[in-house]
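S.K.: Below you'll find run_20.cif; it's mmCIF, C-alpha atoms (C1' of nucleotides).
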data_my_file
loop_
_atom_site.label_atom_id
_atom_site.label_comp_id
_atom_site.auth_asym_id
_atom_site.auth_seq_id
_atom_site.Cartn_x
_atom_site.Cartn_y
_atom_site.Cartn_z
CA MET A 26 -13.82 -28.36 92.64
CA ASP A 27 -15.74 -30.15 95.35
CA ASP A 28 -17.62 -28.77 98.32
CA HIS A 29 -14.39 -28.63 100.24
CA ASP A 30 -12.83 -26.32 97.66
CA PHE A 31 -15.95 -24.20 97.57
CA GLU A 32 -15.80 -23.82 101.31
CA HIS A 33 -12.23 -22.60 101.08
CA LEU A 34 -13.16 -20.21 98.30
CA LEU A 35 -15.93 -18.72 100.41
CA ARG A 36 -13.81 -18.39 103.51
CA GLY A 37 -11.02 -16.88 101.47
CA ALA A 38 -13.43 -14.20 100.33
CA ASP A 39 -14.59 -13.55 103.89
CA LEU A 40 -17.96 -15.04 103.21
CA ARG A 41 -19.83 -17.34 105.51
CA VAL A 42 -20.29 -20.90 104.39
CA THR A 43 -23.97 -21.65 104.02
CA ARG A 44 -25.97 -24.39 102.39
CA PRO A 45 -27.53 -22.03 99.83
CA ARG A 46 -24.10 -20.74 98.80
CA LEU A 47 -22.63 -24.19 98.37
CA ALA A 48 -25.70 -25.25 96.42
CA VAL A 49 -25.40 -22.23 94.13
CA LEU A 50 -21.72 -22.91 93.51
CA ARG A 51 -22.48 -26.53 92.67
CA ALA A 52 -25.30 -25.45 90.37
CA VAL A 53 -23.10 -22.98 88.51
CA ARG A 54 -20.37 -25.57 88.21
CA ARG A 55 -22.82 -28.07 86.74
CA HIS A 56 -24.48 -25.54 84.43
CA PRO A 57 -22.02 -23.06 82.96
CA HIS A 58 -23.69 -19.92 81.57
CA ALA A 59 -26.95 -20.73 83.34
CA ASP A 60 -29.30 -17.85 84.05
CA THR A 61 -30.64 -17.11 87.51
CA GLY A 62 -33.81 -19.11 86.95
CA SER A 63 -31.88 -22.18 85.91
CA VAL A 64 -29.55 -21.82 88.88
CA LEU A 65 -32.56 -21.54 91.16
CA ALA A 66 -34.09 -24.67 89.67
CA ALA A 67 -30.83 -26.59 89.99
CA VAL A 68 -30.33 -25.41 93.56
CA ARG A 69 -33.80 -26.54 94.55
CA LEU A 70 -33.10 -30.07 93.43
CA GLU A 71 -30.77 -30.31 96.42
CA GLU A 72 -32.11 -27.57 98.65
CA PRO A 73 -35.84 -27.21 98.02
CA ALA A 74 -36.28 -24.50 100.64
CA VAL A 75 -33.96 -21.92 99.08
CA SER A 76 -35.75 -18.73 98.07
CA HIS A 77 -35.28 -16.98 94.77
CA GLN A 78 -34.07 -13.92 96.64
CA ALA A 79 -31.35 -15.96 98.29
CA VAL A 80 -30.13 -17.06 94.87
CA TYR A 81 -30.06 -13.45 93.68
CA ASP A 82 -28.20 -12.42 96.81
CA VAL A 83 -25.74 -15.28 96.61
CA LEU A 84 -25.02 -14.75 92.92
CA GLY A 85 -24.58 -11.08 93.71
CA VAL A 86 -22.00 -11.52 96.45
CA LEU A 87 -20.20 -14.28 94.59
CA SER A 88 -19.90 -11.99 91.57
CA GLU A 89 -18.64 -9.10 93.66
CA SER A 90 -16.11 -11.35 95.33
CA GLY A 91 -14.97 -12.68 91.99
CA LEU A 92 -15.86 -16.28 92.77
CA VAL A 93 -18.24 -16.41 89.85
CA ARG A 94 -18.41 -14.29 86.74
CA ARG A 95 -21.61 -12.66 85.57
CA ILE A 96 -22.15 -12.10 81.89
CA GLN A 97 -25.10 -10.54 80.17
CA PRO A 98 -25.11 -10.51 76.38
CA ALA A 99 -27.49 -7.96 74.89
CA GLY A 100 -31.03 -9.27 74.88
CA SER A 101 -30.26 -11.93 77.45
CA VAL A 102 -30.78 -12.16 81.15
CA ALA A 103 -27.79 -12.42 83.48
CA ARG A 104 -25.79 -15.63 83.21
CA TYR A 105 -23.12 -17.02 85.51
CA GLU A 106 -20.03 -19.18 85.26
CA LEU A 107 -17.29 -20.48 87.52
CA ARG A 108 -14.42 -19.98 85.09
CA VAL A 109 -12.86 -16.86 86.40
CA GLY A 110 -9.68 -14.90 86.01
CA ASP A 111 -8.49 -16.60 82.85
CA ASN A 112 -9.62 -13.91 80.46
CA HIS A 113 -11.73 -15.99 78.18
CA HIS A 114 -14.56 -14.66 76.08
CA HIS A 115 -17.93 -15.79 74.77
CA VAL A 116 -19.69 -16.66 71.56
CA VAL A 117 -23.41 -16.03 71.59
CA CYS A 118 -25.83 -17.57 69.12
CA ARG A 119 -28.06 -14.94 67.56
CA SER A 120 -30.74 -17.53 66.96
CA CYS A 121 -31.09 -19.50 70.19
CA GLY A 122 -29.01 -17.49 72.65
CA GLU A 123 -26.64 -20.37 73.39
CA VAL A 124 -23.34 -19.27 74.93
CA ALA A 125 -19.96 -20.98 74.60
CA ASP A 126 -16.50 -20.17 75.89
CA VAL A 127 -13.78 -18.90 73.60
CA ASP A 128 -10.22 -18.67 74.73
CA CYS A 129 -8.53 -15.40 74.13
CA ALA A 130 -6.87 -15.41 70.74
CA VAL A 131 -4.79 -12.27 70.98
CA GLY A 132 -3.02 -12.62 74.28
CA VAL A 133 -3.54 -12.30 77.95
CA ARG A 134 -5.24 -8.93 77.72
CA PRO A 135 -6.68 -8.67 74.23
CA CYS A 136 -7.69 -5.38 72.74
CA LEU A 137 -6.93 -3.66 76.00
CA ASP A 138 -5.16 -0.91 74.14
CA ALA A 139 -7.96 1.31 73.01
CA SER A 140 -6.76 4.23 70.91
CA ASP A 141 -8.59 7.14 72.53
CA THR A 142 -10.37 6.32 75.76
CA HIS A 143 -11.78 9.78 76.41
CA GLY A 144 -10.13 9.88 79.80
CA PHE A 145 -11.69 6.65 81.00
CA VAL A 146 -9.50 4.46 83.18
CA ILE A 147 -10.00 1.03 81.68
CA ASP A 148 -9.67 -2.09 83.79
CA GLU A 149 -11.19 -4.75 81.57
CA ALA A 150 -11.87 -5.54 77.96
CA GLU A 151 -14.78 -7.84 77.34
CA VAL A 152 -15.15 -9.47 73.96
CA THR A 153 -18.43 -10.95 72.79
CA TYR A 154 -18.58 -12.85 69.53
CA TRP A 155 -21.93 -13.01 67.78
CA GLY A 156 -22.88 -15.71 65.35
CA THR A 157 -24.80 -18.91 64.83
CA CYS A 158 -24.34 -22.09 66.83
CA PRO A 159 -23.84 -25.47 65.16
CA SER A 160 -27.39 -26.69 65.65
CA CYS A 161 -28.95 -23.44 64.45
CA SER A 162 -26.63 -23.51 61.42
CA THR A 163 -27.72 -26.94 60.23
CA THR A 164 -31.41 -26.89 61.04
CA SER A 165 -33.66 -24.18 59.68
CA PRO A 166 -33.74 -21.27 62.09
CA THR A 167 -36.89 -22.08 64.00
CA THR A 168 -35.79 -21.66 67.57
CA SER A 169 -36.10 -18.21 69.05
CA PRO A 170 -33.64 -16.63 71.48
CA THR A 171 -36.23 -16.79 74.22
CA ALA A 172 -36.75 -20.53 73.89
CA SER A 173 -33.41 -21.45 75.37
CA SER A 174 -32.20 -24.23 77.60
CA ALA A 175 -33.61 -24.67 81.05
CA SER A 176 -36.74 -22.95 82.21
CA SER A 177 -37.06 -20.78 85.24
CA SER A 178 -39.54 -20.92 88.02
CA ASN A 179 -40.70 -18.65 90.74
CA MET B 15 -27.19 14.22 58.48
CA ASP B 16 -30.33 16.31 58.09
CA ASP B 17 -33.93 15.25 57.64
CA HIS B 18 -33.32 14.88 53.95
CA ASP B 19 -30.59 12.31 54.54
CA PHE B 20 -32.73 10.51 57.07
CA GLU B 21 -35.53 10.29 54.53
CA HIS B 22 -33.15 8.73 52.02
CA LEU B 23 -31.89 6.30 54.64
CA LEU B 24 -35.42 5.19 55.43
CA ARG B 25 -36.45 4.79 51.79
CA GLY B 26 -33.25 2.93 51.06
CA ALA B 27 -34.20 0.47 53.76
CA ASP B 28 -37.72 0.08 52.35
CA LEU B 29 -39.20 1.86 55.29
CA ARG B 30 -41.94 4.45 55.12
CA VAL B 31 -41.01 7.97 56.07
CA THR B 32 -43.03 9.04 59.07
CA ARG B 33 -42.82 11.89 61.53
CA PRO B 34 -42.11 9.57 64.47
CA ARG B 35 -39.25 7.90 62.60
CA LEU B 36 -37.65 11.18 61.62
CA ALA B 37 -38.03 12.43 65.17
CA VAL B 38 -36.39 9.29 66.56
CA LEU B 39 -33.49 9.59 64.13
CA ARG B 40 -32.99 13.23 65.10
CA ALA B 41 -33.16 12.30 68.79
CA VAL B 42 -30.57 9.55 68.43
CA ARG B 43 -28.32 11.86 66.44
CA ARG B 44 -28.56 14.50 69.16
CA HIS B 45 -28.13 12.03 72.02
CA PRO B 46 -25.67 9.27 71.21
CA HIS B 47 -25.99 6.22 73.51
CA ALA B 48 -29.36 7.43 74.80
CA ASP B 49 -31.67 4.83 76.25
CA THR B 50 -35.24 4.37 75.06
CA GLY B 51 -36.66 6.63 77.74
CA SER B 52 -34.34 9.47 76.82
CA VAL B 53 -35.13 9.02 73.15
CA LEU B 54 -38.82 9.13 73.94
CA ALA B 55 -38.38 12.32 75.96
CA ALA B 56 -36.35 13.95 73.18
CA VAL B 57 -38.83 12.89 70.55
CA ARG B 58 -41.72 14.38 72.47
CA LEU B 59 -40.08 17.78 72.54
CA GLU B 60 -40.81 17.95 68.82
CA GLU B 61 -43.64 15.45 68.51
CA PRO B 62 -45.58 15.39 71.75
CA ALA B 63 -48.12 12.89 70.49
CA VAL B 64 -45.70 10.03 69.86
CA SER B 65 -46.39 6.99 72.01
CA HIS B 66 -43.77 5.05 73.87
CA GLN B 67 -44.67 1.98 71.89
CA ALA B 68 -43.98 3.82 68.65
CA VAL B 69 -40.49 4.63 69.89
CA TYR B 70 -39.89 0.99 70.77
CA ASP B 71 -41.17 -0.08 67.36
CA VAL B 72 -39.15 2.52 65.50
CA LEU B 73 -35.95 1.76 67.36
CA GLY B 74 -36.62 -1.90 66.66
CA VAL B 75 -37.01 -1.60 62.91
CA LEU B 76 -34.17 0.90 62.63
CA SER B 77 -31.91 -1.53 64.45
CA GLU B 78 -32.96 -4.44 62.26
CA SER B 79 -32.38 -2.35 59.17
CA GLY B 80 -28.99 -1.31 60.41
CA LEU B 81 -29.80 2.40 60.45
CA VAL B 82 -29.10 2.60 64.15
CA ARG B 83 -27.06 0.37 66.39
CA ARG B 84 -28.38 -1.01 69.62
CA ILE B 85 -25.98 -1.68 72.45
CA GLN B 86 -26.73 -3.03 75.87
CA PRO B 87 -23.87 -3.23 78.33
CA ALA B 88 -24.48 -5.61 81.21
CA GLY B 89 -26.64 -4.00 83.84
CA SER B 90 -27.84 -1.30 81.49
CA VAL B 91 -30.99 -0.84 79.50
CA ALA B 92 -30.81 -0.75 75.69
CA ARG B 93 -29.01 2.24 74.22
CA TYR B 94 -28.89 3.47 70.64
CA GLU B 95 -26.52 5.32 68.37
CA LEU B 96 -26.34 6.46 64.76
CA ARG B 97 -22.69 5.60 64.20
CA VAL B 98 -22.98 2.40 62.28
CA GLY B 99 -20.80 0.12 60.21
CA ASP B 100 -17.49 1.59 61.32
CA ASN B 101 -16.63 -1.09 63.83
CA HIS B 102 -16.09 1.11 66.81
CA HIS B 103 -16.44 -0.06 70.36
CA HIS B 104 -17.52 1.31 73.73
CA VAL B 105 -16.14 2.18 77.13
CA VAL B 106 -18.64 1.89 79.94
CA CYS B 107 -18.17 3.53 83.32
CA ARG B 108 -18.67 1.05 86.13
CA SER B 109 -19.71 3.84 88.45
CA CYS B 110 -22.22 5.95 86.53
CA GLY B 111 -22.92 3.89 83.44
CA GLU B 112 -21.69 6.57 81.05
CA VAL B 113 -20.82 5.25 77.59
CA ALA B 114 -18.22 6.64 75.17
CA ASP B 115 -17.06 5.58 71.75
CA VAL B 116 -13.68 3.98 71.24
CA ASP B 117 -12.26 3.49 67.81
CA CYS B 118 -10.98 0.07 67.06
CA ALA B 119 -7.34 -0.18 68.04
CA VAL B 120 -6.46 -3.46 66.44
CA GLY B 121 -7.79 -3.10 62.94
CA VAL B 122 -10.93 -3.21 60.94
CA ARG B 123 -12.18 -6.42 62.51
CA PRO B 124 -10.48 -6.74 65.86
CA CYS B 125 -10.25 -9.98 67.72
CA LEU B 126 -12.39 -11.66 65.11
CA ASP B 127 -10.05 -14.62 65.08
CA ALA B 128 -11.20 -16.66 67.99
CA SER B 129 -9.11 -19.75 68.57
CA ASP B 130 -11.76 -22.43 69.00
CA THR B 131 -15.29 -21.33 68.23
CA HIS B 132 -17.00 -24.63 69.03
CA GLY B 133 -18.53 -24.74 65.57
CA PHE B 134 -20.15 -21.33 65.83
CA VAL B 135 -20.21 -19.24 62.67
CA ILE B 136 -19.10 -15.85 63.90
CA ASP B 137 -20.20 -12.68 62.15
CA GLU B 138 -19.27 -9.99 64.64
CA ALA B 139 -16.92 -9.30 67.48
CA GLU B 140 -18.11 -6.78 70.00
CA VAL B 141 -15.65 -5.24 72.42
CA THR B 142 -16.75 -3.55 75.60
CA TYR B 143 -14.21 -1.78 77.75
CA TRP B 144 -15.04 -1.40 81.42
CA GLY B 145 -13.58 1.26 83.63
CA THR B 146 -14.15 4.59 85.28
CA CYS B 147 -15.07 7.80 83.52
CA PRO B 148 -13.19 11.07 84.11
CA SER B 149 -15.76 12.62 86.42
CA CYS B 150 -16.16 9.46 88.50
CA SER B 151 -12.37 9.22 88.73
CA THR B 152 -11.89 12.67 90.21
CA THR B 153 -14.94 12.99 92.42
CA SER B 154 -15.66 10.45 95.10
CA PRO B 155 -17.82 7.70 93.63
CA THR B 156 -21.23 8.90 94.69
CA THR B 157 -23.25 8.49 91.54
CA SER B 158 -24.85 5.14 90.96
CA PRO B 159 -25.19 3.43 87.57
CA THR B 160 -28.95 3.87 87.68
CA ALA B 161 -28.79 7.61 88.20
CA SER B 162 -27.66 8.35 84.65
CA SER B 163 -28.38 11.15 82.22
CA ALA B 164 -31.89 11.95 81.10
CA SER B 165 -34.94 10.56 82.77
CA SER B 166 -37.69 8.62 81.11
CA SER B 167 -41.37 9.27 81.16
CA ASN B 168 -44.49 7.37 80.43
"C1'" DC C 7 -23.33 -21.46 124.87
"C1'" DA C 8 -24.74 -16.70 123.93
"C1'" DC C 9 -24.58 -12.75 121.04
"C1'" DA C 10 -23.97 -9.58 117.05
"C1'" DA C 11 -23.65 -9.57 112.37
"C1'" DA C 12 -24.55 -11.70 108.26
"C1'" DT C 13 -27.71 -14.27 105.68
"C1'" DC C 14 -32.16 -16.08 104.30
"C1'" DT C 15 -37.52 -16.15 103.77
"C1'" DT C 16 -41.53 -13.97 102.46
"C1'" DG C 17 -44.11 -11.07 99.81
"C1'" DA C 18 -44.85 -6.87 97.63
"C1'" DC C 19 -43.26 -3.98 94.09
"C1'" DT C 20 -40.56 -1.47 90.22
"C1'" DC C 21 -39.75 -0.64 85.55
"C1'" DG C 22 -38.06 -1.77 80.91
"C1'" DT C 23 -40.11 -4.11 77.51
"C1'" DT C 24 -43.67 -6.69 74.97
"C1'" DC C 25 -48.48 -8.07 73.49
"C1'" DA C 26 -52.89 -7.14 71.30
"C1'" DA C 27 -56.56 -4.68 69.01
"C1'" DG C 28 -58.15 -1.08 66.70
"C1'" DA C 29 -57.29 3.78 64.60
"C1'" DA C 30 -54.49 6.55 61.60
"C1'" DA C 31 -51.11 7.53 58.07
"C1'" DA C 32 -48.19 6.26 53.88
"C1'" DG C 33 -47.65 5.40 49.29
"C1'" DG C 34 -49.10 3.00 44.90
"C1'" DC C 35 -52.52 3.18 41.44
"C1'" DG C 36 -56.18 4.62 38.57
"C1'" DC D 4 -56.38 14.08 43.29
"C1'" DG D 5 -58.68 10.67 46.10
"C1'" DC D 6 -59.27 5.45 46.93
"C1'" DC D 7 -57.37 1.26 48.80
"C1'" DT D 8 -54.13 -1.93 50.99
"C1'" DT D 9 -50.51 -2.24 53.95
"C1'" DT D 10 -47.76 -0.43 57.26
"C1'" DT D 11 -47.36 2.17 61.19
"C1'" DC D 12 -49.04 4.28 65.37
"C1'" DT D 13 -52.07 4.79 69.73
"C1'" DT D 14 -53.98 2.96 73.68
"C1'" DG D 15 -53.95 0.19 77.46
"C1'" DA D 16 -53.01 -4.04 79.60
"C1'" DA D 17 -49.63 -7.47 80.75
"C1'" DC D 18 -45.12 -9.81 81.50
"C1'" DG D 19 -40.94 -10.92 83.94
"C1'" DA D 20 -36.25 -10.23 85.60
"C1'" DG D 21 -34.70 -8.03 89.22
"C1'" DT D 22 -35.09 -5.15 93.60
"C1'" DC D 23 -36.83 -3.51 98.19
"C1'" DA D 24 -38.07 -4.13 102.92
"C1'" DA D 25 -39.03 -6.34 107.29
"C1'" DG D 26 -38.63 -9.88 110.11
"C1'" DA D 27 -36.87 -14.79 111.09
"C1'" DT D 28 -32.56 -17.90 110.95
"C1'" DT D 29 -28.09 -19.03 110.81
"C1'" DT D 30 -23.09 -18.39 111.17
"C1'" DG D 31 -19.01 -17.82 113.52
"C1'" DT D 32 -16.85 -15.60 117.36
"C1'" DG D 33 -15.77 -14.59 122.26
#
Before we go any further, please render this structure as structure tokens.

M.R.:
Amino acid sequence: MDDHDFEHLLRGADLRVTRPRLAVLRAVRRHPHADTGSVLAAVRLEEPAVSHQAVYDVLGVLSESGLVRRIQPAGSVARYELRVGDNHHHVVCRSCGEVADVDCAVGVRPCLDASDTHGFVIDEAEVTYWGTCPSCSTTSPTTSPTASSASSSN
Amino acid sequence: MDDHDFEHLLRGADLRVTRPRLAVLRAVRRHPHADTGSVLAAVRLEEPAVSHQAVYDVLGVLSESGLVRRIQPAGSVARYELRVGDNHHHVVCRSCGEVADVDCAVGVRPCLDASDTHGFVIDEAEVTYWGTCPSCSTTSPTTSPTASSASSSN
DNA sequence: CACAAATCTTGACTCGTTCAAGAAAAGGCG
DNA sequence: CGCCTTTTCTTGAACGAGTCAAGATTTGTG
């Protein structure tokens, strides 16, 4: 996944290839599950002039186009990842908010057979595992969910 | 589930029995999956003097105590329900944000066997089904996710 | 190279939620 | 039953992720 691939991805989705978009894709690749603020910070290391609105816009269109996946565990802000279309799920640490990938255990489309769907037409089943991450398990639970990884700026 | 039961629930959780708390419990019972604003509105029909902060506080302690369950699908505000401890899941309409209950199809603890959990200690698996609700399926998709049920006040 | 459409910058703003301080109510005890 | 401590609630300000809007730039096409 280099810039060349990203360019193809964008063109394939009928999106123009711009410096902000490439920078966002690189940032998301480097920081899986990063929130918008972290993506913005990472982007600005390479492209200092990119506005926060541009990052919101870019993450928005990339999500709609399926080039990135947006997740948002309860109590968390939106997070983004490049891994897409492989039906994996997420573990979220109740203590520090850390997110990790979990490959689907049941099959390609796990739990997609809900018993009574009340007439809803279901197109996706999203599984979120809740628990405690390794570092919060060993150390005494001091860290709060808000005090997570990278900080955001504005 | 009448006021008498609610009182027992509260005392059993070492919580004082107050008019705001009973009103919130009644509101959540009457409006499953209601957001905080809707709960506040419903509460004020019976207890006009209850502050919005009280509703936030009450919903907070009730959630911590396990008397109500808080859910928050991506892109939605927090929602609450009384159904608790029966491991059911939710379908969320991508178009209007409507939420419905779905009983667990796989078993008592579905999908709780993640393959590689990266050292996380998992205590819950939450399944969210995404799709389109009956009314958004038939009618052309006009309604937006933000224009949902009851309105909030302040 | 010029032009229309898409994209980005700038800056204000919305709204769900939280923070903080003091007033009011709950429940135990005498 | 009424006092006292603690919990809970009211009031009002503040926070912050995300959105809106208008105008400037850029992209890709003809």

S.K.: Of the candidates B:Ile85, B:Ala37, B:Val72, B:Leu59, which one gets nearest to chain D if we count all atoms listed in the file?

M.R.: B:Val72

S.K.: Output the coordinates of chain A after least-squares fitting to chain B on all in-order C-alpha pairs, as a compact mmCIF listing (two decimals) with C-alpha atoms, in the frame of the given file.

M.R.:
# COMPACT_ATOMS: atom_id res chain seq x y z
CA MET A 26 -27.24 14.26 58.48
CA ASP A 27 -30.37 16.33 58.10
CA ASP A 28 -33.96 15.26 57.64
CA HIS A 29 -33.34 14.91 53.95
CA ASP A 30 -30.59 12.36 54.54
CA PHE A 31 -32.73 10.53 57.04
CA GLU A 32 -35.50 10.30 54.51
CA HIS A 33 -33.13 8.76 52.00
CA LEU A 34 -31.85 6.34 54.62
CA LEU A 35 -35.37 5.20 55.40
CA ARG A 36 -36.38 4.82 51.78
CA GLY A 37 -33.17 2.97 51.06
CA ALA A 38 -34.11 0.47 53.74
CA ASP A 39 -37.62 0.09 52.32
CA LEU A 40 -39.14 1.85 55.25
CA ARG A 41 -41.88 4.40 55.08
CA VAL A 42 -41.01 7.94 56.01
CA THR A 43 -43.04 9.00 59.01
CA ARG A 44 -42.85 11.83 61.48
CA PRO A 45 -42.14 9.52 64.42
CA ARG A 46 -39.26 7.88 62.55
CA LEU A 47 -37.66 11.16 61.58
CA ALA A 48 -38.07 12.40 65.13
CA VAL A 49 -36.42 9.27 66.52
CA LEU A 50 -33.51 9.59 64.11
CA ARG A 51 -33.03 13.22 65.09
CA ALA A 52 -33.22 12.30 68.77
CA VAL A 53 -30.61 9.56 68.41
CA ARG A 54 -28.38 11.88 66.44
CA ARG A 55 -28.62 14.52 69.15
CA HIS A 56 -28.18 12.06 72.02
CA PRO A 57 -25.71 9.30 71.21
CA HIS A 58 -26.03 6.27 73.51
CA ALA A 59 -29.40 7.45 74.79
CA ASP A 60 -31.72 4.82 76.22
CA THR A 61 -35.28 4.36 75.01
CA GLY A 62 -36.72 6.61 77.69
CA SER A 63 -34.40 9.45 76.79
CA VAL A 64 -35.17 9.01 73.10
CA LEU A 65 -38.87 9.10 73.91
CA ALA A 66 -38.45 12.29 75.91
CA ALA A 67 -36.40 13.92 73.16
CA VAL A 68 -38.89 12.86 70.50
CA ARG A 69 -41.78 14.34 72.43
CA LEU A 70 -40.16 17.74 72.49
CA GLU A 71 -40.89 17.90 68.77
CA GLU A 72 -43.70 15.39 68.44
CA PRO A 73 -45.67 15.34 71.69
CA ALA A 74 -48.18 12.80 70.42
CA VAL A 75 -45.74 9.95 69.79
CA SER A 76 -46.43 6.90 71.93
CA HIS A 77 -43.79 4.97 73.79
CA GLN A 78 -44.70 1.90 71.78
CA ALA A 79 -44.00 3.75 68.56
CA VAL A 80 -40.52 4.59 69.82
CA TYR A 81 -39.91 0.94 70.69
CA ASP A 82 -41.17 -0.12 67.28
CA VAL A 83 -39.16 2.50 65.44
CA LEU A 84 -35.95 1.74 67.32
CA GLY A 85 -36.60 -1.91 66.62
CA VAL A 86 -36.97 -1.59 62.86
CA LEU A 87 -34.14 0.91 62.60
CA SER A 88 -31.87 -1.53 64.43
CA GLU A 89 -32.90 -4.42 62.23
CA SER A 90 -32.32 -2.34 59.14
CA GLY A 91 -28.94 -1.27 60.40
CA LEU A 92 -29.77 2.43 60.42
CA VAL A 93 -29.09 2.65 64.12
CA ARG A 94 -27.04 0.42 66.36
CA ARG A 95 -28.37 -0.97 69.61
CA ILE A 96 -25.99 -1.64 72.45
CA GLN A 97 -26.74 -3.00 75.86
CA PRO A 98 -23.88 -3.19 78.34
CA ALA A 99 -24.53 -5.58 81.22
CA GLY A 100 -26.69 -3.96 83.85
CA SER A 101 -27.89 -1.27 81.49
CA VAL A 102 -31.01 -0.83 79.46
CA ALA A 103 -30.81 -0.74 75.67
CA ARG A 104 -29.02 2.26 74.20
CA TYR A 105 -28.91 3.50 70.62
CA GLU A 106 -26.52 5.36 68.36
CA LEU A 107 -26.34 6.51 64.76
CA ARG A 108 -22.69 5.65 64.19
CA VAL A 109 -22.95 2.46 62.28
CA GLY A 110 -20.78 0.20 60.21
CA ASP A 111 -17.46 1.65 61.30
CA ASN A 112 -16.63 -1.03 63.82
CA HIS A 113 -16.08 1.13 66.82
CA HIS A 114 -16.45 -0.03 70.39
CA HIS A 115 -17.53 1.34 73.75
CA VAL A 116 -16.16 2.22 77.14
CA VAL A 117 -18.65 1.93 79.96
CA CYS A 118 -18.20 3.58 83.34
CA ARG A 119 -18.71 1.09 86.15
CA SER A 120 -19.75 3.88 88.47
CA CYS A 121 -22.24 6.02 86.55
CA GLY A 122 -22.94 3.94 83.45
CA GLU A 123 -21.70 6.62 81.06
CA VAL A 124 -20.83 5.30 77.60
CA ALA A 125 -18.24 6.68 75.19
CA ASP A 126 -17.05 5.62 71.76
CA VAL A 127 -13.67 4.01 71.24
CA ASP A 128 -12.25 3.51 67.82
CA CYS A 129 -11.00 0.08 67.06
CA ALA A 130 -7.36 -0.21 68.02
CA VAL A 131 -6.48 -3.51 66.41
CA GLY A 132 -7.80 -3.18 62.91
CA VAL A 133 -10.95 -3.29 60.92
CA ARG A 134 -12.18 -6.50 62.49
CA PRO A 135 -10.50 -6.78 65.87
CA CYS A 136 -10.33 -10.03 67.73
CA LEU A 137 -12.46 -11.67 65.10
CA ASP A 138 -10.16 -14.64 65.08
CA ALA A 139 -11.32 -16.65 68.03
CA SER A 140 -9.23 -19.76 68.61
CA ASP A 141 -11.90 -22.42 69.05
CA THR A 142 -15.42 -21.30 68.26
CA HIS A 143 -17.15 -24.58 69.04
CA GLY A 144 -18.66 -24.68 65.59
CA PHE A 145 -20.28 -21.28 65.86
CA VAL A 146 -20.31 -19.20 62.69
CA ILE A 147 -19.18 -15.81 63.91
CA ASP A 148 -20.28 -12.64 62.16
CA GLU A 149 -19.33 -9.95 64.65
CA ALA A 150 -16.97 -9.27 67.49
CA GLU A 151 -18.17 -6.74 70.00
CA VAL A 152 -15.70 -5.23 72.42
CA THR A 153 -16.80 -3.52 75.61
CA TYR A 154 -14.26 -1.76 77.77
CA TRP A 155 -15.09 -1.37 81.44
CA GLY A 156 -13.61 1.29 83.64
CA THR A 157 -14.17 4.63 85.31
CA CYS A 158 -15.09 7.84 83.53
CA PRO A 159 -13.19 11.08 84.10
CA SER A 160 -15.75 12.64 86.42
CA CYS A 161 -16.15 9.49 88.51
CA SER A 162 -12.35 9.22 88.73
CA THR A 163 -11.84 12.68 90.20
CA THR A 164 -14.84 13.00 92.46
CA SER A 165 -15.52 10.44 95.16
CA PRO A 166 -17.66 7.66 93.77
CA THR A 167 -21.07 8.84 94.87
CA THR A 168 -23.10 8.48 91.73
CA SER A 169 -24.74 5.14 91.14
CA PRO A 170 -25.13 3.45 87.75
CA THR A 171 -28.86 3.96 87.92
CA ALA A 172 -28.61 7.72 88.38
CA SER A 173 -27.48 8.39 84.85
CA SER A 174 -28.13 11.15 82.37
CA ALA A 175 -31.61 11.87 81.17
CA SER A 176 -34.67 10.49 82.85
CA SER A 177 -37.37 8.49 81.20
CA SER A 178 -41.07 8.98 81.26
CA ASN A 179 -44.09 6.94 80.46

S.K.: Determine the residue membership of the PyMOL selection byres ((chain D) within 10 of (chain A)) for the file above and supply it as a PDB file with C-alpha atoms (C1' of nucleotides), in the frame of the given file.

M.R.:
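Writing the result to out_0.pdb gives the following:
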ATOM      1  C1'  DA D  20     -36.250 -10.230  85.600  1.00  0.00           C
ATOM      2  C1'  DG D  21     -34.700  -8.030  89.220  1.00  0.00           C
ATOM      3  C1'  DT D  22     -35.090  -5.150  93.600  1.00  0.00           C
ATOM      4  C1'  DT D  29     -28.090 -19.030 110.810  1.00  0.00           C
ATOM      5  C1'  DT D  30     -23.090 -18.390 111.170  1.00  0.00           C
ATOM      6  C1'  DG D  31     -19.010 -17.820 113.520  1.00  0.00           C
TER       7       DG D  31
END

S.K.: Going by the chain IDs and residue numbers used in this file, which residues fall under the PyMOL selection byres ((chain B and resi 83) around 7)? Write them as a list in words.

M.R.: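 Listing what the PyMOL selection byres ((chain B and resi 83) around 7) selects in the shown file: Ser77, Gly80, Leu81, Val82, Arg84, Ile85, Tyr94, Glu95, Leu96 and Val98 of chain B.
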
S.K.: On this file, the PyMOL selection byres ((chain A and resi 53) around 10) gives some set of residues; write that set as a list in words.

M.R.: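 This file, filtered by the PyMOL selection byres ((chain A and resi 53) around 10), leaves Leu47, Ala48, Val49, Leu50, Arg51, Ala52, Arg54, Arg55, His56, Pro57, His58, Ala59, Asp60, Thr61, Ser63, Val64, Leu65, Ala67, Val68, Leu84, Val93, Arg104, Tyr105, Glu106, Leu107 and Arg108 of chain A.
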
S.K.: Figure out the distance between atom C1' of DT32 of chain D and atom CA of Arg44 of chain A, please, to one decimal in Å.

M.R.: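 Straight-line distance from atom CA of Arg44 of chain A to atom C1' of DT32 of chain D works out to 19.6 Å.
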
S.K.: What does the structure give for the distance between atom C1' of DA10 of chain C and atom C1' of DG26 of chain D, in Å to one decimal?

M.R.: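 Spanning atom C1' of DA10 of chain C to atom C1' of DG26 of chain D is a straight-line distance of 16.2 Å.
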